[in-house]
>>> print(open('structure38.cif').read())   # mmCIF, C-alpha atoms and all ligand atoms; chains and numbers go by the auth columns
data_my_file
loop_
_atom_site.group_PDB
_atom_site.id
_atom_site.type_symbol
_atom_site.label_atom_id
_atom_site.label_comp_id
_atom_site.label_asym_id
_atom_site.label_seq_id
_atom_site.Cartn_x
_atom_site.Cartn_y
_atom_site.Cartn_z
_atom_site.B_iso_or_equiv
_atom_site.auth_seq_id
_atom_site.auth_asym_id
ATOM 1 C CA MET A 1 17.103 -1.663 18.227 0.00 1376 A
ATOM 2 C CA ASN A 2 20.273 -0.840 16.362 0.00 1377 A
ATOM 3 C CA ALA A 3 20.301 0.704 12.909 0.00 1378 A
ATOM 4 C CA MET A 4 20.886 -2.651 11.219 0.00 1379 A
ATOM 5 C CA THR A 5 17.860 -4.359 12.767 0.00 1380 A
ATOM 6 C CA LYS A 6 14.732 -4.371 10.691 0.00 1381 A
ATOM 7 C CA GLU A 7 11.576 -3.790 12.648 0.00 1382 A
ATOM 8 C CA TRP A 8 8.361 -5.301 11.308 0.00 1383 A
ATOM 9 C CA ILE A 9 4.888 -4.227 12.376 0.00 1384 A
ATOM 10 C CA GLU A 10 2.132 -6.840 12.299 0.00 1385 A
ATOM 11 C CA VAL A 11 -1.039 -5.431 10.772 0.00 1386 A
ATOM 12 C CA GLY A 12 -3.366 -8.407 10.428 0.00 1387 A
ATOM 13 C CA ALA A 13 -4.109 -11.614 8.578 0.00 1388 A
ATOM 14 C CA VAL A 14 -3.689 -12.175 4.857 0.00 1389 A
ATOM 15 C CA ASP A 15 -7.229 -13.584 4.818 0.00 1390 A
ATOM 16 C CA ASP A 16 -8.609 -10.295 6.155 0.00 1391 A
ATOM 17 C CA VAL A 17 -7.666 -8.487 2.940 0.00 1392 A
ATOM 18 C CA PRO A 18 -10.269 -9.033 0.209 0.00 1393 A
ATOM 19 C CA VAL A 19 -9.045 -10.344 -3.134 0.00 1394 A
ATOM 20 C CA ARG A 20 -8.879 -7.467 -5.650 0.00 1395 A
ATOM 21 C CA GLY A 21 -9.447 -5.113 -2.755 0.00 1396 A
ATOM 22 C CA ALA A 22 -7.686 -3.426 0.106 0.00 1397 A
ATOM 23 C CA ARG A 23 -7.672 -3.036 3.834 0.00 1398 A
ATOM 24 C CA ARG A 24 -6.737 0.213 5.557 0.00 1399 A
ATOM 25 C CA VAL A 25 -4.194 0.215 8.383 0.00 1400 A
ATOM 26 C CA HIS A 26 -3.672 3.149 10.706 0.00 1401 A
ATOM 27 C CA THR A 27 -0.008 3.885 11.418 0.00 1402 A
ATOM 28 C CA GLN A 28 2.077 6.741 12.798 0.00 1403 A
ATOM 29 C CA ALA A 29 2.526 7.793 9.155 0.00 1404 A
ATOM 30 C CA GLY A 30 -1.216 7.905 8.531 0.00 1405 A
ATOM 31 C CA GLU A 31 -3.321 5.424 6.637 0.00 1406 A
ATOM 32 C CA ILE A 32 -1.603 2.664 4.713 0.00 1407 A
ATOM 33 C CA ALA A 33 -3.622 0.586 2.251 0.00 1408 A
ATOM 34 C CA VAL A 34 -2.752 -3.096 1.968 0.00 1409 A
ATOM 35 C CA PHE A 35 -3.891 -4.454 -1.406 0.00 1410 A
ATOM 36 C CA LYS A 36 -4.432 -8.036 -2.487 0.00 1411 A
ATOM 37 C CA CYS A 37 -4.364 -8.792 -6.205 0.00 1412 A
ATOM 38 C CA ALA A 38 -6.225 -11.605 -7.956 0.00 1413 A
ATOM 39 C CA ASP A 39 -3.014 -13.667 -8.021 0.00 1414 A
ATOM 40 C CA GLY A 40 -2.660 -13.285 -4.242 0.00 1415 A
ATOM 41 C CA SER A 41 0.155 -10.717 -4.389 0.00 1416 A
ATOM 42 C CA LEU A 42 0.123 -8.188 -1.569 0.00 1417 A
ATOM 43 C CA PHE A 43 1.287 -4.575 -1.704 0.00 1418 A
ATOM 44 C CA ALA A 44 1.190 -1.666 0.729 0.00 1419 A
ATOM 45 C CA LEU A 45 0.981 1.994 -0.253 0.00 1420 A
ATOM 46 C CA ARG A 46 0.148 5.201 1.526 0.00 1421 A
ATOM 47 C CA ASN A 47 -3.606 5.536 1.128 0.00 1422 A
ATOM 48 C CA ARG A 48 -3.351 8.807 -0.798 0.00 1423 A
ATOM 49 C CA CYS A 49 -3.356 9.151 -4.546 0.00 1424 A
ATOM 50 C CA PRO A 50 -0.359 11.176 -5.828 0.00 1425 A
ATOM 51 C CA HIS A 51 -2.786 13.286 -7.871 0.00 1426 A
ATOM 52 C CA LYS A 52 -5.092 14.919 -5.302 0.00 1427 A
ATOM 53 C CA GLY A 53 -5.023 12.552 -2.355 0.00 1428 A
ATOM 54 C CA GLY A 54 -7.862 10.217 -3.305 0.00 1429 A
ATOM 55 C CA PRO A 55 -8.332 7.090 -1.156 0.00 1430 A
ATOM 56 C CA LEU A 56 -6.582 4.399 -3.185 0.00 1431 A
ATOM 57 C CA SER A 57 -8.004 1.700 -0.884 0.00 1432 A
ATOM 58 C CA GLU A 58 -11.406 2.427 -2.462 0.00 1433 A
ATOM 59 C CA GLY A 59 -10.088 2.047 -5.996 0.00 1434 A
ATOM 60 C CA ILE A 60 -10.420 -0.855 -8.402 0.00 1435 A
ATOM 61 C CA VAL A 61 -7.558 -3.362 -8.250 0.00 1436 A
ATOM 62 C CA HIS A 62 -6.549 -4.911 -11.586 0.00 1437 A
ATOM 63 C CA GLY A 63 -3.377 -6.796 -12.354 0.00 1438 A
ATOM 64 C CA HIS A 64 -0.763 -5.225 -10.068 0.00 1439 A
ATOM 65 C CA GLY A 65 -2.367 -1.801 -10.270 0.00 1440 A
ATOM 66 C CA VAL A 66 -5.181 0.222 -8.725 0.00 1441 A
ATOM 67 C CA THR A 67 -7.386 2.820 -10.380 0.00 1442 A
ATOM 68 C CA CYS A 68 -8.020 5.795 -8.134 0.00 1443 A
ATOM 69 C CA PRO A 69 -11.737 6.308 -7.450 0.00 1444 A
ATOM 70 C CA LEU A 70 -11.570 10.079 -7.922 0.00 1445 A
ATOM 71 C CA HIS A 71 -10.094 10.762 -11.368 0.00 1446 A
ATOM 72 C CA ASN A 72 -9.052 7.328 -12.622 0.00 1447 A
ATOM 73 C CA TRP A 73 -5.298 7.611 -12.409 0.00 1448 A
ATOM 74 C CA VAL A 74 -3.756 4.140 -12.445 0.00 1449 A
ATOM 75 C CA ILE A 75 -1.116 3.522 -9.787 0.00 1450 A
ATOM 76 C CA ASP A 76 1.405 0.677 -10.037 0.00 1451 A
ATOM 77 C CA LEU A 77 1.115 -1.167 -6.728 0.00 1452 A
ATOM 78 C CA SER A 78 4.694 -2.440 -6.865 0.00 1453 A
ATOM 79 C CA THR A 79 6.212 1.044 -7.094 0.00 1454 A
ATOM 80 C CA GLY A 80 3.491 3.521 -6.092 0.00 1455 A
ATOM 81 C CA GLU A 81 4.046 5.372 -9.372 0.00 1456 A
ATOM 82 C CA ALA A 82 1.330 6.697 -11.628 0.00 1457 A
ATOM 83 C CA THR A 83 1.292 4.947 -14.983 0.00 1458 A
ATOM 84 C CA GLY A 84 0.780 6.267 -18.498 0.00 1459 A
ATOM 85 C CA ALA A 85 0.993 9.994 -19.042 0.00 1460 A
ATOM 86 C CA ASP A 86 0.245 10.813 -15.411 0.00 1461 A
ATOM 87 C CA LYS A 87 3.193 11.714 -13.198 0.00 1462 A
ATOM 88 C CA GLY A 88 3.424 11.201 -9.462 0.00 1463 A
ATOM 89 C CA CYS A 89 4.282 8.637 -6.845 0.00 1464 A
ATOM 90 C CA THR A 90 2.815 7.585 -3.541 0.00 1465 A
ATOM 91 C CA PRO A 91 5.142 5.909 -1.036 0.00 1466 A
ATOM 92 C CA GLN A 92 5.260 2.124 -1.168 0.00 1467 A
ATOM 93 C CA ILE A 93 5.887 0.219 2.068 0.00 1468 A
ATOM 94 C CA PRO A 94 7.767 -3.099 1.960 0.00 1469 A
ATOM 95 C CA LEU A 95 5.849 -5.961 3.524 0.00 1470 A
ATOM 96 C CA LYS A 96 6.339 -9.607 4.342 0.00 1471 A
ATOM 97 C CA VAL A 97 4.047 -12.499 5.211 0.00 1472 A
ATOM 98 C CA GLU A 98 4.747 -15.039 7.931 0.00 1473 A
ATOM 99 C CA ASP A 99 2.296 -17.727 9.014 0.00 1474 A
ATOM 100 C CA GLY A 100 -0.551 -15.975 7.259 0.00 1475 A
ATOM 101 C CA ARG A 101 0.112 -12.661 8.992 0.00 1476 A
ATOM 102 C CA ILE A 102 1.115 -9.425 7.241 0.00 1477 A
ATOM 103 C CA PHE A 103 4.006 -7.316 8.505 0.00 1478 A
ATOM 104 C CA LEU A 104 4.931 -3.822 7.310 0.00 1479 A
ATOM 105 C CA ASP A 105 8.447 -2.402 7.322 0.00 1480 A
ATOM 106 C CA GLY A 106 8.550 -0.278 10.465 0.00 1481 A
ATOM 107 C CA ALA A 107 11.558 1.721 9.283 0.00 1482 A
ATOM 108 C CA ALA A 108 9.750 2.747 6.091 0.00 1483 A
ATOM 109 C CA ILE A 109 6.737 3.854 8.145 0.00 1484 A
ATOM 110 C CA ALA A 110 8.920 5.810 10.559 0.00 1485 A
ATOM 111 C CA LYS A 111 10.645 7.521 7.626 0.00 1486 A
ATOM 112 C CA LEU A 112 7.257 8.404 6.133 0.00 1487 A
ATOM 113 C CA ALA A 113 6.093 9.852 9.462 0.00 1488 A
ATOM 114 C CA ALA A 114 9.205 12.001 9.902 0.00 1489 A
HETATM 115 S S1 LIG B . -7.020 12.008 -6.685 0.00 1501 B
HETATM 116 FE FE1 LIG B . -6.537 10.111 -7.622 0.00 1501 B
HETATM 117 S S2 LIG B . -6.760 10.478 -9.721 0.00 1501 B
HETATM 118 FE FE2 LIG B . -7.205 12.384 -8.799 0.00 1501 B
#
>>> encode(input="structure38.cif", output="structure tokens")
Amino acid sequence: MNAMTKEWIEVGAVDDVPVRGARRVHTQAGEIAVFKCADGSLFALRNRCPHKGGPLSEGIVHGHGVTCPLHNWVIDLSTGEATGADKGCTPQIPLKVEDGRIFLDGAAIAKLAA
């Protein structure tokens, strides 16, 4: 693979991710949470809250955000950033869907693992 080639990692079917929920994926960079919003949008974030590492995959999905189950920070799924007065960011992983399958950006995962 040369530096210009984008590598995608298949992580499962769109239908396997519950609506307004998440599915955890184990990668070389640790757990990634793939979220599905009520409108069908999909987002992938490291499964660690930027506050104290809470499991975002167990949070409540609303709009394009998730509320952390530990102390209720709200994380924007499209950016990984905490909203409101809270400050912090968890890495967001680009994804794509082809034929009902979800693919994560392998370069972003490799960078996260480095
Ligand atoms: S660990 Fe997520 S809000 Fe505290």
>>> resolve_selection(input="structure38.cif", expression="the PyMOL selection byres (((chain A and resi 1401) around 12) and not hetatm)", output="ChimeraX atom specification")
/A:1384-1387,1398-1400,1402-1409,1420-1422,1479,1484,1488
>>> residues_near_ligand(input="structure38.cif", ligand="ligand LIG 1501 (chain B)", cutoff="8 Å", atoms="only C-alpha atoms and all ligand atoms", output="ChimeraX atom specification")
/A:1423-1431,1442-1449
>>> closest_residue(input="structure38.cif", among="A:Leu1417, A:Val1441, A:Cys1412, A:Leu1487", to="Leu1470 of chain A", atoms="all atoms listed in the file")
A:Leu1417
>>> resolve_selection(input="structure38.cif", expression="the PyMOL selection byres (((chain A and resi 1459) around 10) and not hetatm)", output="list of chain:residue names")
A:Trp1448, A:Val1449, A:Ile1450, A:Glu1456, A:Ala1457, A:Thr1458, A:Ala1460, A:Asp1461, A:Lys1462
>>> write_last_selection(input="structure38.cif", atoms="C-alpha atoms", output="compact mmCIF listing (two decimals), in the coordinates of the input")
# COMPACT_ATOMS: atom_id res chain seq x y z
CA TRP A 1448 -5.30 7.61 -12.41
CA VAL A 1449 -3.76 4.14 -12.44
CA ILE A 1450 -1.12 3.52 -9.79
CA GLU A 1456 4.05 5.37 -9.37
CA ALA A 1457 1.33 6.70 -11.63
CA THR A 1458 1.29 4.95 -14.98
CA ALA A 1460 0.99 9.99 -19.04
CA ASP A 1461 0.24 10.81 -15.41
CA LYS A 1462 3.19 11.71 -13.20
>>> atom_distance(input="structure38.cif", atom1="atom CA of Phe1478 of chain A", atom2="atom CA of Leu1452 of chain A")
16.7 Å
>>> atom_distance(input="structure38.cif", atom1="atom CA of Ala1485 of chain A", atom2="atom CA of His1437 of chain A")
29.1 Å
>>> atom_distance(input="structure38.cif", atom1="atom CA of Gly1440 of chain A", atom2="atom CA of Gly1415 of chain A")
13.0 Å
>>> closest_residue(input="structure38.cif", among="A:Glu1433, A:Asp1451, A:Asp1414, A:Glu1382", to="Ala1397 of chain A", atoms="all atoms listed in the file")
A:Glu1433
>>> closest_residue(input="structure38.cif", among="A:Pro1393, A:Gly1434, A:Ala1413, A:Lys1381", to="Pro1469 of chain A", atoms="all atoms listed in the file")
A:Lys1381
